[in-house]
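Content type PDB, C-alpha atoms and all ligand atoms, from the file work_31.pdb:
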ATOM      1  CA  MET A   1      -8.232 -20.682 -59.229
ATOM      2  CA  LYS A   2      -5.222 -20.755 -61.524
ATOM      3  CA  LYS A   3      -1.982 -20.207 -59.633
ATOM      4  CA  VAL A   4       0.181 -17.382 -61.021
ATOM      5  CA  ILE A   5       3.869 -18.241 -60.970
ATOM      6  CA  LEU A   6       6.226 -15.248 -61.174
ATOM      7  CA  LYS A   7       9.148 -17.060 -62.755
ATOM      8  CA  ASP A   8      12.432 -15.266 -62.104
ATOM      9  CA  SER A   9      10.526 -11.995 -61.682
ATOM     10  CA  LYS A  10      11.789  -8.996 -59.745
ATOM     11  CA  TYR A  11       9.458 -10.097 -56.900
ATOM     12  CA  GLU A  12      10.938 -13.559 -56.653
ATOM     13  CA  ILE A  13      13.230 -14.178 -53.714
ATOM     14  CA  LYS A  14      16.077 -16.483 -54.680
ATOM     15  CA  LYS A  15      17.447 -18.613 -51.867
ATOM     16  CA  GLY A  16      21.119 -17.726 -51.523
ATOM     17  CA  ARG A  17      23.608 -19.354 -49.206
ATOM     18  CA  VAL A  18      26.426 -17.701 -47.250
ATOM     19  CA  VAL A  19      29.754 -19.127 -48.469
ATOM     20  CA  SER A  20      32.011 -17.129 -46.148
ATOM     21  CA  VAL A  21      31.983 -14.195 -43.739
ATOM     22  CA  ARG A  22      35.012 -11.979 -43.128
ATOM     23  CA  GLN A  23      35.240  -9.299 -40.436
ATOM     24  CA  MET A  24      36.715  -6.215 -42.123
ATOM     25  CA  THR A  25      36.519  -3.535 -39.398
ATOM     26  CA  ASP A  26      34.625  -3.277 -36.076
ATOM     27  CA  MET A  27      31.495  -2.315 -38.020
ATOM     28  CA  GLU A  28      31.771  -4.029 -41.407
ATOM     29  CA  LYS A  29      31.696  -7.625 -42.577
ATOM     30  CA  LEU A  30      32.223  -8.996 -46.092
ATOM     31  CA  PHE A  31      29.777 -11.732 -47.112
ATOM     32  CA  GLU A  32      30.276 -14.088 -50.045
ATOM     33  CA  ILE A  33      26.908 -15.376 -51.290
ATOM     34  CA  ALA A  34      26.176 -18.216 -53.703
ATOM     35  CA  LEU A  35      22.905 -18.655 -55.599
ATOM     36  CA  PRO A  36      21.377 -22.100 -56.282
ATOM     37  CA  GLY A  37      23.557 -24.094 -58.671
ATOM     38  CA  ASN A  38      26.299 -21.461 -58.210
ATOM     39  CA  ARG A  39      24.476 -19.431 -60.840
ATOM     40  CA  SER A  40      26.067 -16.003 -61.346
ATOM     41  CA  LEU A  41      24.103 -12.917 -60.345
ATOM     42  CA  ASP A  42      24.876 -11.306 -63.749
ATOM     43  CA  HIS A  43      24.871  -7.802 -62.303
ATOM     44  CA  GLU A  44      26.436  -4.637 -63.687
ATOM     45  CA  PRO A  45      28.992  -2.823 -61.489
ATOM     46  CA  GLY A  46      27.081  -0.344 -59.307
ATOM     47  CA  GLN A  47      23.822  -2.311 -59.087
ATOM     48  CA  PHE A  48      22.299  -3.427 -55.784
ATOM     49  CA  VAL A  49      20.296  -6.378 -54.487
ATOM     50  CA  GLU A  50      17.500  -6.558 -51.904
ATOM     51  CA  MET A  51      18.745  -8.984 -49.246
ATOM     52  CA  SER A  52      16.203 -10.583 -46.909
ATOM     53  CA  LEU A  53      16.125 -12.628 -43.732
ATOM     54  CA  PHE A  54      12.941 -14.488 -42.913
ATOM     55  CA  GLY A  55      11.163 -12.883 -39.935
ATOM     56  CA  VAL A  56      13.524  -9.901 -39.850
ATOM     57  CA  GLY A  57      13.106  -7.916 -43.072
ATOM     58  CA  GLU A  58      14.756  -6.754 -46.247
ATOM     59  CA  ALA A  59      17.329  -4.075 -47.153
ATOM     60  CA  PRO A  60      19.092  -2.814 -50.286
ATOM     61  CA  ILE A  61      22.795  -3.697 -50.365
ATOM     62  CA  SER A  62      25.295  -2.920 -53.153
ATOM     63  CA  VAL A  63      27.064  -5.751 -54.915
ATOM     64  CA  SER A  64      30.724  -5.173 -54.127
ATOM     65  CA  SER A  65      32.327  -7.819 -56.351
ATOM     66  CA  SER A  66      32.974  -7.428 -60.066
ATOM     67  CA  PRO A  67      30.794  -9.342 -62.566
ATOM     68  CA  THR A  68      34.086 -10.924 -63.690
ATOM     69  CA  LYS A  69      33.931 -12.991 -60.476
ATOM     70  CA  ARG A  70      31.657 -15.891 -61.398
ATOM     71  CA  GLY A  71      29.747 -18.383 -59.248
ATOM     72  CA  SER A  72      29.242 -16.166 -56.203
ATOM     73  CA  PHE A  73      29.066 -12.474 -55.316
ATOM     74  CA  GLU A  74      30.201 -10.311 -52.416
ATOM     75  CA  MET A  75      28.634  -7.573 -50.350
ATOM     76  CA  CYS A  76      30.105  -5.545 -47.506
ATOM     77  CA  VAL A  77      27.651  -4.569 -44.788
ATOM     78  CA  ARG A  78      27.933  -1.980 -42.009
ATOM     79  CA  LYS A  79      26.111  -2.900 -38.810
ATOM     80  CA  VAL A  80      23.699   0.004 -38.173
ATOM     81  CA  GLY A  81      20.322  -1.385 -37.079
ATOM     82  CA  LYS A  82      17.918  -4.324 -36.809
ATOM     83  CA  PHE A  83      18.417  -5.882 -40.240
ATOM     84  CA  THR A  84      22.147  -5.355 -40.581
ATOM     85  CA  ASN A  85      22.702  -6.621 -36.994
ATOM     86  CA  ALA A  86      20.857  -9.824 -37.877
ATOM     87  CA  LEU A  87      22.910 -10.125 -41.067
ATOM     88  CA  HIS A  88      26.114  -9.853 -39.033
ATOM     89  CA  ASN A  89      25.029 -12.931 -37.029
ATOM     90  CA  LEU A  90      25.023 -15.123 -40.158
ATOM     91  CA  LYS A  91      27.575 -17.910 -40.526
ATOM     92  CA  ALA A  92      28.850 -19.863 -43.533
ATOM     93  CA  GLY A  93      26.098 -22.243 -44.704
ATOM     94  CA  ASP A  94      23.167 -20.052 -43.565
ATOM     95  CA  GLU A  95      20.376 -19.215 -45.979
ATOM     96  CA  ILE A  96      19.628 -15.673 -47.174
ATOM     97  CA  GLY A  97      17.032 -14.237 -49.580
ATOM     98  CA  VAL A  98      18.171 -12.344 -52.682
ATOM     99  CA  ARG A  99      16.052 -10.213 -55.035
ATOM    100  CA  GLY A 100      17.560  -8.407 -57.978
ATOM    101  CA  PRO A 101      20.004  -7.143 -59.191
ATOM    102  CA  PHE A 102      18.290  -3.761 -59.386
ATOM    103  CA  GLY A 103      18.919  -0.247 -60.671
ATOM    104  CA  LYS A 104      21.181   1.282 -63.240
ATOM    105  CA  GLY A 105      24.846   0.577 -62.657
ATOM    106  CA  PHE A 106      27.878   2.374 -64.061
ATOM    107  CA  PRO A 107      27.716   2.720 -67.890
ATOM    108  CA  VAL A 108      30.666   0.439 -68.613
ATOM    109  CA  LYS A 109      30.408   0.682 -72.434
ATOM    110  CA  LEU A 110      30.426   4.493 -72.259
ATOM    111  CA  LEU A 111      33.527   4.420 -70.057
ATOM    112  CA  GLU A 112      35.510   2.168 -72.412
ATOM    113  CA  GLY A 113      38.478   3.885 -74.059
ATOM    114  CA  ASN A 114      38.375   6.820 -71.621
ATOM    115  CA  ASP A 115      40.540   7.821 -68.654
ATOM    116  CA  LEU A 116      38.914   7.169 -65.280
ATOM    117  CA  LEU A 117      39.165   9.013 -61.990
ATOM    118  CA  PHE A 118      37.593   7.099 -59.093
ATOM    119  CA  VAL A 119      36.767   9.047 -55.927
ATOM    120  CA  ALA A 120      35.621   6.861 -53.013
ATOM    121  CA  GLY A 121      34.767   8.188 -49.556
ATOM    122  CA  GLY A 122      34.147   5.815 -46.626
ATOM    123  CA  LEU A 123      31.643   3.073 -47.451
ATOM    124  CA  GLY A 124      31.569   4.436 -51.041
ATOM    125  CA  ILE A 125      34.387   2.031 -51.860
ATOM    126  CA  VAL A 126      31.875  -0.852 -51.467
ATOM    127  CA  PRO A 127      29.965  -0.322 -54.771
ATOM    128  CA  LEU A 128      32.962   1.323 -56.460
ATOM    129  CA  ARG A 129      35.133  -1.756 -55.841
ATOM    130  CA  SER A 130      32.844  -3.640 -58.215
ATOM    131  CA  LEU A 131      33.699  -1.230 -61.057
ATOM    132  CA  ILE A 132      37.390  -0.817 -60.112
ATOM    133  CA  ASN A 133      37.942  -4.587 -60.199
ATOM    134  CA  PHE A 134      35.959  -4.881 -63.447
ATOM    135  CA  VAL A 135      38.230  -2.221 -65.024
ATOM    136  CA  ILE A 136      41.380  -3.914 -63.674
ATOM    137  CA  ASP A 137      40.210  -7.287 -65.056
ATOM    138  CA  ASN A 138      39.635  -5.625 -68.467
ATOM    139  CA  ARG A 139      42.505  -3.164 -68.147
ATOM    140  CA  ARG A 140      43.250  -2.835 -71.888
ATOM    141  CA  ASP A 141      39.751  -1.476 -72.607
ATOM    142  CA  PHE A 142      40.326   1.682 -70.540
ATOM    143  CA  GLY A 143      42.754   4.636 -70.545
ATOM    144  CA  LYS A 144      44.543   6.022 -67.484
ATOM    145  CA  VAL A 145      43.123   4.898 -64.144
ATOM    146  CA  ASN A 146      43.390   7.089 -61.071
ATOM    147  CA  ILE A 147      41.970   5.966 -57.714
ATOM    148  CA  LEU A 148      41.451   8.343 -54.779
ATOM    149  CA  LEU A 149      40.326   6.823 -51.505
ATOM    150  CA  GLY A 150      39.379   8.579 -48.283
ATOM    151  CA  CYS A 151      38.395   7.288 -44.858
ATOM    152  CA  LYS A 152      38.047   8.635 -41.337
ATOM    153  CA  THR A 153      41.039   6.829 -39.788
ATOM    154  CA  PRO A 154      43.510   4.137 -41.010
ATOM    155  CA  ASP A 155      41.489   1.533 -39.037
ATOM    156  CA  ASP A 156      38.379   2.313 -41.084
ATOM    157  CA  MET A 157      39.989   1.359 -44.381
ATOM    158  CA  LEU A 158      38.147  -1.466 -46.147
ATOM    159  CA  PHE A 159      39.664  -4.092 -48.491
ATOM    160  CA  GLY A 160      43.211  -3.409 -47.213
ATOM    161  CA  ASP A 161      44.879  -6.269 -49.191
ATOM    162  CA  GLU A 162      43.234  -5.233 -52.426
ATOM    163  CA  VAL A 163      44.064  -1.577 -51.866
ATOM    164  CA  GLU A 164      47.727  -2.580 -51.430
ATOM    165  CA  ASN A 165      47.607  -4.407 -54.780
ATOM    166  CA  TRP A 166      46.084  -1.374 -56.538
ATOM    167  CA  GLN A 167      48.870   0.720 -55.002
ATOM    168  CA  LYS A 168      51.544  -1.615 -56.409
ATOM    169  CA  ARG A 169      50.213  -1.735 -59.985
ATOM    170  CA  ILE A 170      52.135   0.309 -62.548
ATOM    171  CA  ASP A 171      49.023   0.786 -64.702
ATOM    172  CA  VAL A 172      47.014   2.418 -61.882
ATOM    173  CA  SER A 173      47.658   5.673 -59.963
ATOM    174  CA  PHE A 174      46.526   5.500 -56.384
ATOM    175  CA  ASN A 175      46.341   7.982 -53.542
ATOM    176  CA  CYS A 176      44.709   7.724 -50.166
ATOM    177  CA  THR A 177      43.892  10.100 -47.325
ATOM    178  CA  VAL A 178      42.544   9.897 -43.775
ATOM    179  CA  ASP A 179      40.720  12.569 -41.767
ATOM    180  CA  ARG A 180      42.658  11.602 -38.622
ATOM    181  CA  SER A 181      45.996   9.759 -38.731
ATOM    182  CA  ASP A 182      47.705   7.450 -36.241
ATOM    183  CA  PRO A 183      51.467   7.194 -35.540
ATOM    184  CA  ASP A 184      51.909   4.452 -38.215
ATOM    185  CA  TRP A 185      50.162   6.359 -41.022
ATOM    186  CA  LYS A 186      52.560   7.496 -43.775
ATOM    187  CA  GLY A 187      50.007   8.925 -46.240
ATOM    188  CA  ASN A 188      48.066  12.140 -46.665
ATOM    189  CA  VAL A 189      45.941  13.597 -43.867
ATOM    190  CA  GLY A 190      42.906  15.680 -44.851
ATOM    191  CA  LEU A 191      39.573  15.409 -46.611
ATOM    192  CA  ILE A 192      39.363  13.581 -49.948
ATOM    193  CA  THR A 193      38.913  16.926 -51.739
ATOM    194  CA  SER A 194      42.529  17.756 -50.796
ATOM    195  CA  LEU A 195      43.771  15.017 -53.199
ATOM    196  CA  ILE A 196      41.990  16.295 -56.322
ATOM    197  CA  PRO A 197      44.093  19.419 -57.115
ATOM    198  CA  GLY A 198      47.209  17.174 -57.306
ATOM    199  CA  VAL A 199      45.754  14.897 -60.014
ATOM    200  CA  THR A 200      46.918  15.494 -63.607
ATOM    201  CA  LEU A 201      44.160  14.688 -66.079
ATOM    202  CA  ALA A 202      42.857  15.423 -69.571
ATOM    203  CA  PRO A 203      39.325  16.684 -68.806
ATOM    204  CA  ASN A 204      37.790  15.902 -72.210
ATOM    205  CA  ARG A 205      38.574  12.224 -72.047
ATOM    206  CA  THR A 206      38.176  11.703 -68.291
ATOM    207  CA  PHE A 207      35.118  10.250 -66.581
ATOM    208  CA  ALA A 208      35.045  10.838 -62.811
ATOM    209  CA  VAL A 209      33.133   8.273 -60.764
ATOM    210  CA  VAL A 210      32.229   9.490 -57.277
ATOM    211  CA  VAL A 211      30.720   7.452 -54.435
ATOM    212  CA  GLY A 212      30.629   8.430 -50.785
ATOM    213  CA  PRO A 213      28.587   9.969 -47.970
ATOM    214  CA  PRO A 214      26.043  12.664 -48.993
ATOM    215  CA  ILE A 215      28.134  15.527 -47.540
ATOM    216  CA  MET A 216      31.085  14.652 -49.819
ATOM    217  CA  TYR A 217      29.404  15.114 -53.210
ATOM    218  CA  LYS A 218      29.016  18.889 -53.310
ATOM    219  CA  PHE A 219      32.659  19.540 -52.446
ATOM    220  CA  VAL A 220      34.153  16.781 -54.637
ATOM    221  CA  ILE A 221      32.024  17.827 -57.635
ATOM    222  CA  GLY A 222      33.129  21.448 -57.090
ATOM    223  CA  GLU A 223      36.791  20.334 -57.375
ATOM    224  CA  LEU A 224      36.073  18.228 -60.475
ATOM    225  CA  LEU A 225      34.359  21.167 -62.203
ATOM    226  CA  THR A 226      37.407  23.305 -61.358
ATOM    227  CA  LYS A 227      39.433  20.633 -63.206
ATOM    228  CA  LYS A 228      37.106  21.277 -66.206
ATOM    229  CA  ILE A 229      35.564  17.792 -66.288
ATOM    230  CA  PRO A 230      32.206  18.214 -68.121
ATOM    231  CA  SER A 231      29.209  17.518 -65.865
ATOM    232  CA  ARG A 232      27.966  14.693 -68.122
ATOM    233  CA  GLN A 233      31.308  12.948 -67.432
ATOM    234  CA  ILE A 234      30.855  13.080 -63.660
ATOM    235  CA  LEU A 235      29.012   9.975 -62.450
ATOM    236  CA  VAL A 236      27.652   9.673 -58.934
ATOM    237  CA  SER A 237      25.927   6.848 -57.081
ATOM    238  CA  LEU A 238      23.194   8.145 -54.757
ATOM    239  CA  GLU A 239      21.801   6.348 -51.740
ATOM    240  CA  ARG A 240      18.165   6.916 -50.846
ATOM    241  CA  HIS A 241      15.823   5.117 -48.488
ATOM    242  CA  MET A 242      14.489   2.246 -50.540
ATOM    243  CA  LYS A 243      11.832  -0.359 -49.877
ATOM    244  CA  CYS A 244      10.613  -2.178 -52.985
ATOM    245  CA  GLY A 245      13.514  -1.547 -55.388
ATOM    246  CA  LEU A 246      10.908  -1.759 -58.140
ATOM    247  CA  GLY A 247       9.653   1.781 -58.704
ATOM    248  CA  LYS A 248       6.380   1.012 -56.865
ATOM    249  CA  CYS A 249       6.571   2.480 -53.355
ATOM    250  CA  GLY A 250       8.011   5.966 -53.999
ATOM    251  CA  HIS A 251      10.370   5.854 -50.989
ATOM    252  CA  CYS A 252      13.406   6.633 -53.139
ATOM    253  CA  GLN A 253      11.876   9.434 -55.218
ATOM    254  CA  ILE A 254      13.964  12.502 -56.144
ATOM    255  CA  GLN A 255      11.498  14.746 -58.034
ATOM    256  CA  ASN A 256      10.648  12.786 -61.205
ATOM    257  CA  TYR A 257      13.378  10.169 -60.703
ATOM    258  CA  TYR A 258      13.071   6.933 -58.757
ATOM    259  CA  CYS A 259      16.539   6.238 -57.401
ATOM    260  CA  CYS A 260      15.952   2.463 -57.449
ATOM    261  CA  GLN A 261      15.092   2.405 -61.185
ATOM    262  CA  ASP A 262      16.675   5.517 -62.725
ATOM    263  CA  GLY A 263      19.714   5.241 -60.402
ATOM    264  CA  PRO A 264      21.474   4.678 -58.088
ATOM    265  CA  VAL A 265      24.053   5.827 -60.701
ATOM    266  CA  PHE A 266      23.343   9.218 -62.321
ATOM    267  CA  SER A 267      25.469  11.551 -64.409
ATOM    268  CA  TYR A 268      25.800  14.914 -62.673
ATOM    269  CA  ASP A 269      24.260  16.853 -65.589
ATOM    270  CA  LYS A 270      20.953  14.972 -65.035
ATOM    271  CA  ILE A 271      20.579  15.946 -61.390
ATOM    272  CA  LYS A 272      22.536  19.172 -60.964
ATOM    273  CA  ASN A 273      19.395  21.323 -61.042
ATOM    274  CA  ILE A 274      17.518  19.190 -58.479
ATOM    275  CA  LYS A 275      18.138  20.771 -55.079
ATOM    276  CA  GLU A 276      17.450  17.689 -52.941
ATOM    277  CA  ALA A 277      19.525  15.258 -55.068
ATOM    278  CA  ILE A 278      22.949  16.203 -53.645
TER     279      ILE A 278
HETATM  280  C1  LIG A 301      21.164   1.440 -53.175
HETATM  281  C2  LIG A 301      21.634   1.178 -51.764
HETATM  282  C3  LIG A 301      22.783   0.438 -51.569
HETATM  283  C4  LIG A 301      23.244   0.187 -50.276
HETATM  284  N1  LIG A 301      24.385  -0.548 -50.133
HETATM  285  C5  LIG A 301      24.845  -0.798 -48.903
HETATM  286  C6  LIG A 301      26.033  -1.583 -48.731
HETATM  287  O1  LIG A 301      26.655  -2.031 -49.692
HETATM  288  N2  LIG A 301      26.444  -1.824 -47.471
HETATM  289  C7  LIG A 301      25.766  -1.341 -46.371
HETATM  290  O2  LIG A 301      26.209  -1.596 -45.253
HETATM  291  N3  LIG A 301      24.648  -0.592 -46.495
HETATM  292  C8  LIG A 301      24.168  -0.317 -47.731
HETATM  293  N4  LIG A 301      23.016   0.418 -47.872
HETATM  294  C9  LIG A 301      22.338   0.931 -46.660
HETATM  295  C10 LIG A 301      21.489  -0.173 -46.052
HETATM  296  O3  LIG A 301      20.414  -0.481 -46.924
HETATM  297  C11 LIG A 301      20.919   0.322 -44.703
HETATM  298  O4  LIG A 301      22.000   0.540 -43.819
HETATM  299  C12 LIG A 301      19.996  -0.728 -44.090
HETATM  300  O5  LIG A 301      18.769  -0.693 -44.792
HETATM  301  C13 LIG A 301      19.770  -0.430 -42.634
HETATM  302  O6  LIG A 301      18.852  -1.367 -42.115
HETATM  303  P1  LIG A 301      18.816  -1.725 -40.553
HETATM  304  O7  LIG A 301      17.506  -2.389 -40.261
HETATM  305  O8  LIG A 301      20.035  -2.456 -40.148
HETATM  306  O9  LIG A 301      18.906  -0.303 -39.858
HETATM  307  P2  LIG A 301      17.733   0.704 -39.428
HETATM  308  O10 LIG A 301      17.515   0.536 -37.966
HETATM  309  O11 LIG A 301      16.543   0.611 -40.334
HETATM  310  O12 LIG A 301      18.445   2.090 -39.757
HETATM  311  C14 LIG A 301      19.762   2.404 -39.312
HETATM  312  C15 LIG A 301      20.302   3.553 -40.142
HETATM  313  O13 LIG A 301      20.288   3.247 -41.544
HETATM  314  C16 LIG A 301      19.494   4.187 -42.274
HETATM  315  N5  LIG A 301      18.682   3.427 -43.268
HETATM  316  C17 LIG A 301      17.669   2.582 -42.988
HETATM  317  N6  LIG A 301      17.155   2.050 -44.104
HETATM  318  C18 LIG A 301      17.851   2.578 -45.134
HETATM  319  C19 LIG A 301      17.794   2.419 -46.539
HETATM  320  N7  LIG A 301      16.905   1.611 -47.134
HETATM  321  N8  LIG A 301      18.674   3.100 -47.291
HETATM  322  C20 LIG A 301      19.578   3.908 -46.709
HETATM  323  N9  LIG A 301      19.702   4.088 -45.382
HETATM  324  C21 LIG A 301      18.839   3.455 -44.598
HETATM  325  C22 LIG A 301      18.622   4.834 -41.251
HETATM  326  O14 LIG A 301      18.276   6.168 -41.625
HETATM  327  C23 LIG A 301      19.477   4.836 -40.018
HETATM  328  O15 LIG A 301      20.389   5.901 -40.040
HETATM  329  C24 LIG A 301      22.538   0.691 -49.152
HETATM  330  C25 LIG A 301      21.364   1.440 -49.345
HETATM  331  C26 LIG A 301      20.922   1.694 -50.634
HETATM  332  C27 LIG A 301      19.683   2.501 -50.831
HETATM  333  S1  LIG A 302      12.367   1.778 -53.635
HETATM  334 FE1  LIG A 302      10.255   1.735 -54.047
HETATM  335  S2  LIG A 302      10.038   3.161 -55.637
HETATM  336 FE2  LIG A 302      12.177   3.016 -55.370
END
As structure tokens, what does this structure read like?
Ligand SMILES: Cc1cc2nc3c(=O)[nH]c(=O)nc-3n(C[C@H](O)[C@H](O)[C@H](O)COP(=O)(O)OP(=O)(O)OC[C@H]3O[C@@H](n4cnc5c(N)ncnc54)[C@H](O)[C@@H]3O)c2cc1C
Ligand code: FES
Amino acid sequence: MKKVILKDSKYEIKKGRVVSVRQMTDMEKLFEIALPGNRSLDHEPGQFVEMSLFGVGEAPISVSSSPTKRGSFEMCVRKVGKFTNALHNLKAGDEIGVRGPFGKGFPVKLLEGNDLLFVAGGLGIVPLRSLINFVIDNRRDFGKVNILLGCKTPDDMLFGDEVENWQKRIDVSFNCTVDRSDPDWKGNVGLITSLIPGVTLAPNRTFAVVVGPPIMYKFVIGELLTKKIPSRQILVSLERHMKCGLGKCGHCQIQNYYCCQDGPVFSYDKIKNIKEAI
């Protein structure tokens, strides 16, 4: 029988190698992964990959580095169960399976020339960092950039060094809040929604990009609509239980959308009438 070879197909697992592992918080590690021949992943900001470990399983993980970083990519993983625990045991040099990149990322061309308001809650900064760093590396192609970041406590903040650099830039406005402070915290205390009324923006030329835990979306979008940002200019990245990443299994279905293929990034006007989407 003739052997069918699926060359570079979406089913093919590429053998990646762990370049480095950095502990970020008690629960999260940042992994740098290289593909054979240091080939770039060629992803769009906001896309995800299916990572696999032989004998353990597979899980969707967002690419956290910008496509402007060549030769390797990064992902930040929270330890929550069997697969992510096994991932946290990996060391530099270990092998890891990579399928993808998958899904629709942020529409970078559409964003060009416009002002951007990034709203990241908790682990939402992981996929959003890919777009933020892409915008910073191509800063002249975009208008005003405003970053709002929220986390539970100061100890939960991810990418601390990078966040400090964003804070120092004169071409980026940055504000950060925590739900619960500690004695060293000098910033805002309160939910991320509390930062939005203080932002000055021109609604017609502003795209808001929102990524965070499911509970956050309804309240953040409410504030953005109060600011008169049109719903087609509000972009959200939705997380759903995914298996295949290929539009085959139906695990990620939201009515007639498959989150893995039609998302994870959606404009709010597309999903605002679907009750279970947000
Ligand atoms: C598009 C997408 C991007 C993601 N990006 C990241 C990322 O950058 N970093 C990161 O740490 N995690 C990310 N996740 C979540 C990650 O896929 C799950 O945490 C992982 O599958 C859990 O596997 P586990 O075996 O360790 O845990 P399990 O024991 O299977 O589950 C532990 C917890 O995770 C939830 N969970 C399990 N599978 C999924 C799934 N496929 N999608 C969502 N939640 C799930 C369960 O409901 C449970 O609450 C992403 C998920 C999606 C869909
Ligand atoms: S993950 Fe299988 S259809 Fe989307």
Can you pull out the residues contacting A:Thr153? Cut-off 9 Å, using only C-alpha atoms, and skip same-chain residues under 6 positions away; I want them as a VMD selection string. chain A and resid 177 to 182
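Evaluating the PyMOL selection byres (((chain A and resi 52) around 10) and not hetatm) against the shown model yields Ile13, Lys14, Lys15, Gly16, Val49, Glu50, Met51, Leu53, Phe54, Gly55, Val56, Gly57, Glu58, Ala59, Pro60, Phe83, Leu87, Glu95, Ile96, Gly97, Val98 and Arg99 of chain A.
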Keeping only C-alpha atoms, write the selected residues as a CSV table (one decimal), in the frame of the given file.
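Result file follows (out27.csv):
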chain,number,residue,atom,x,y,z
A,13,ILE,CA,13.2,-14.2,-53.7
A,14,LYS,CA,16.1,-16.5,-54.7
A,15,LYS,CA,17.4,-18.6,-51.9
A,16,GLY,CA,21.1,-17.7,-51.5
A,49,VAL,CA,20.3,-6.4,-54.5
A,50,GLU,CA,17.5,-6.6,-51.9
A,51,MET,CA,18.7,-9.0,-49.2
A,53,LEU,CA,16.1,-12.6,-43.7
A,54,PHE,CA,12.9,-14.5,-42.9
A,55,GLY,CA,11.2,-12.9,-39.9
A,56,VAL,CA,13.5,-9.9,-39.8
A,57,GLY,CA,13.1,-7.9,-43.1
A,58,GLU,CA,14.8,-6.8,-46.2
A,59,ALA,CA,17.3,-4.1,-47.2
A,60,PRO,CA,19.1,-2.8,-50.3
A,83,PHE,CA,18.4,-5.9,-40.2
A,87,LEU,CA,22.9,-10.1,-41.1
A,95,GLU,CA,20.4,-19.2,-46.0
A,96,ILE,CA,19.6,-15.7,-47.2
A,97,GLY,CA,17.0,-14.2,-49.6
A,98,VAL,CA,18.2,-12.3,-52.7
A,99,ARG,CA,16.1,-10.2,-55.0
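For the residues A:Thr200, A:Asn146, A:Asn89, A:Asn256, ranking by smallest atom-to-atom distance to ligand LIG 302 (chain A) using only C-alpha atoms and all ligand atoms places A:Asn256 first.
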Give the residues close to ligand LIG 302 (chain A), within 8 Å, counting only C-alpha atoms and all ligand atoms; write them as a PyMOL selection string. chain A and resi 241-253+258-261
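Atom CA of A:Leu116 is positioned 6.2 Å from atom CA of A:Lys144.
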Evaluate the PyMOL selection byres (((not hetatm)) within 7 of (chain A and resi 301)) here and jot the selected residues down as an mmCIF file with C-alpha atoms, in the frame of the given file.
data_model
loop_
_atom_site.group_PDB
_atom_site.id
_atom_site.type_symbol
_atom_site.label_atom_id
_atom_site.label_comp_id
_atom_site.auth_asym_id
_atom_site.auth_seq_id
_atom_site.Cartn_x
_atom_site.Cartn_y
_atom_site.Cartn_z
ATOM 1 C CA PHE A 48 22.299 -3.427 -55.784
ATOM 2 C CA ALA A 59 17.329 -4.075 -47.153
ATOM 3 C CA PRO A 60 19.092 -2.814 -50.286
ATOM 4 C CA ILE A 61 22.795 -3.697 -50.365
ATOM 5 C CA SER A 62 25.295 -2.920 -53.153
ATOM 6 C CA VAL A 63 27.064 -5.751 -54.915
ATOM 7 C CA SER A 64 30.724 -5.173 -54.127
ATOM 8 C CA MET A 75 28.634 -7.573 -50.350
ATOM 9 C CA CYS A 76 30.105 -5.545 -47.506
ATOM 10 C CA VAL A 77 27.651 -4.569 -44.788
ATOM 11 C CA ARG A 78 27.933 -1.980 -42.009
ATOM 12 C CA LYS A 79 26.111 -2.900 -38.810
ATOM 13 C CA VAL A 80 23.699 0.004 -38.173
ATOM 14 C CA GLY A 81 20.322 -1.385 -37.079
ATOM 15 C CA LYS A 82 17.918 -4.324 -36.809
ATOM 16 C CA PHE A 83 18.417 -5.882 -40.240
ATOM 17 C CA THR A 84 22.147 -5.355 -40.581
ATOM 18 C CA ASN A 85 22.702 -6.621 -36.994
ATOM 19 C CA VAL A 126 31.875 -0.852 -51.467
ATOM 20 C CA PRO A 127 29.965 -0.322 -54.771
ATOM 21 C CA GLU A 239 21.801 6.348 -51.740
ATOM 22 C CA ARG A 240 18.165 6.916 -50.846
ATOM 23 C CA HIS A 241 15.823 5.117 -48.488
ATOM 24 C CA MET A 242 14.489 2.246 -50.540
ATOM 25 C CA LYS A 243 11.832 -0.359 -49.877
ATOM 26 C CA CYS A 260 15.952 2.463 -57.449
ATOM 27 C CA PRO A 264 21.474 4.678 -58.088
#
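By only C-alpha atoms, and with residues fewer than 6 positions from A:Arg169 along its chain excluded, the set lying at most 12 Å from it is Ile136, Arg139, Val145, Asn146, Ile147, Glu162 and Val163 of chain A.
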Test item: axis-aligned box, all listed atoms of stretch 80-99 of chain A, 4 Å on each side, centre and edges in Å rounded to one decimal, as lines of an AutoDock Vina configuration file:
center_x = 22.5
center_y = -11.1
center_z = -45.9
size_x = 20.8
size_y = 30.2
size_z = 26.2
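Across A:Leu131, A:Gly122, A:Gln167, A:Gly198, the tightest approach to A:Lys152 is made by A:Gly122 when counting all atoms listed in the file.
With all atoms listed in the file as the atoms that count, the residue of A:Ala277, A:Lys270, A:Val199, A:Arg205 with the shortest distance to A:Lys218 is A:Ala277.
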Point out the residue among A:Asn38, A:Asn114, A:Ser194, A:Ser130 with the least atom-to-atom distance to A:Glu74, counting only C-alpha atoms. A:Ser130
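The smallest atom-to-atom distance between A:Ile221 and any of A:Val265, A:Val189, A:Val119, A:Val19, using all atoms listed in the file, is found for A:Val119.
Proximity of A:Ser40, A:Phe207, A:Arg22, A:Leu225 to A:Leu111, computed with only C-alpha atoms, is greatest for A:Phe207.
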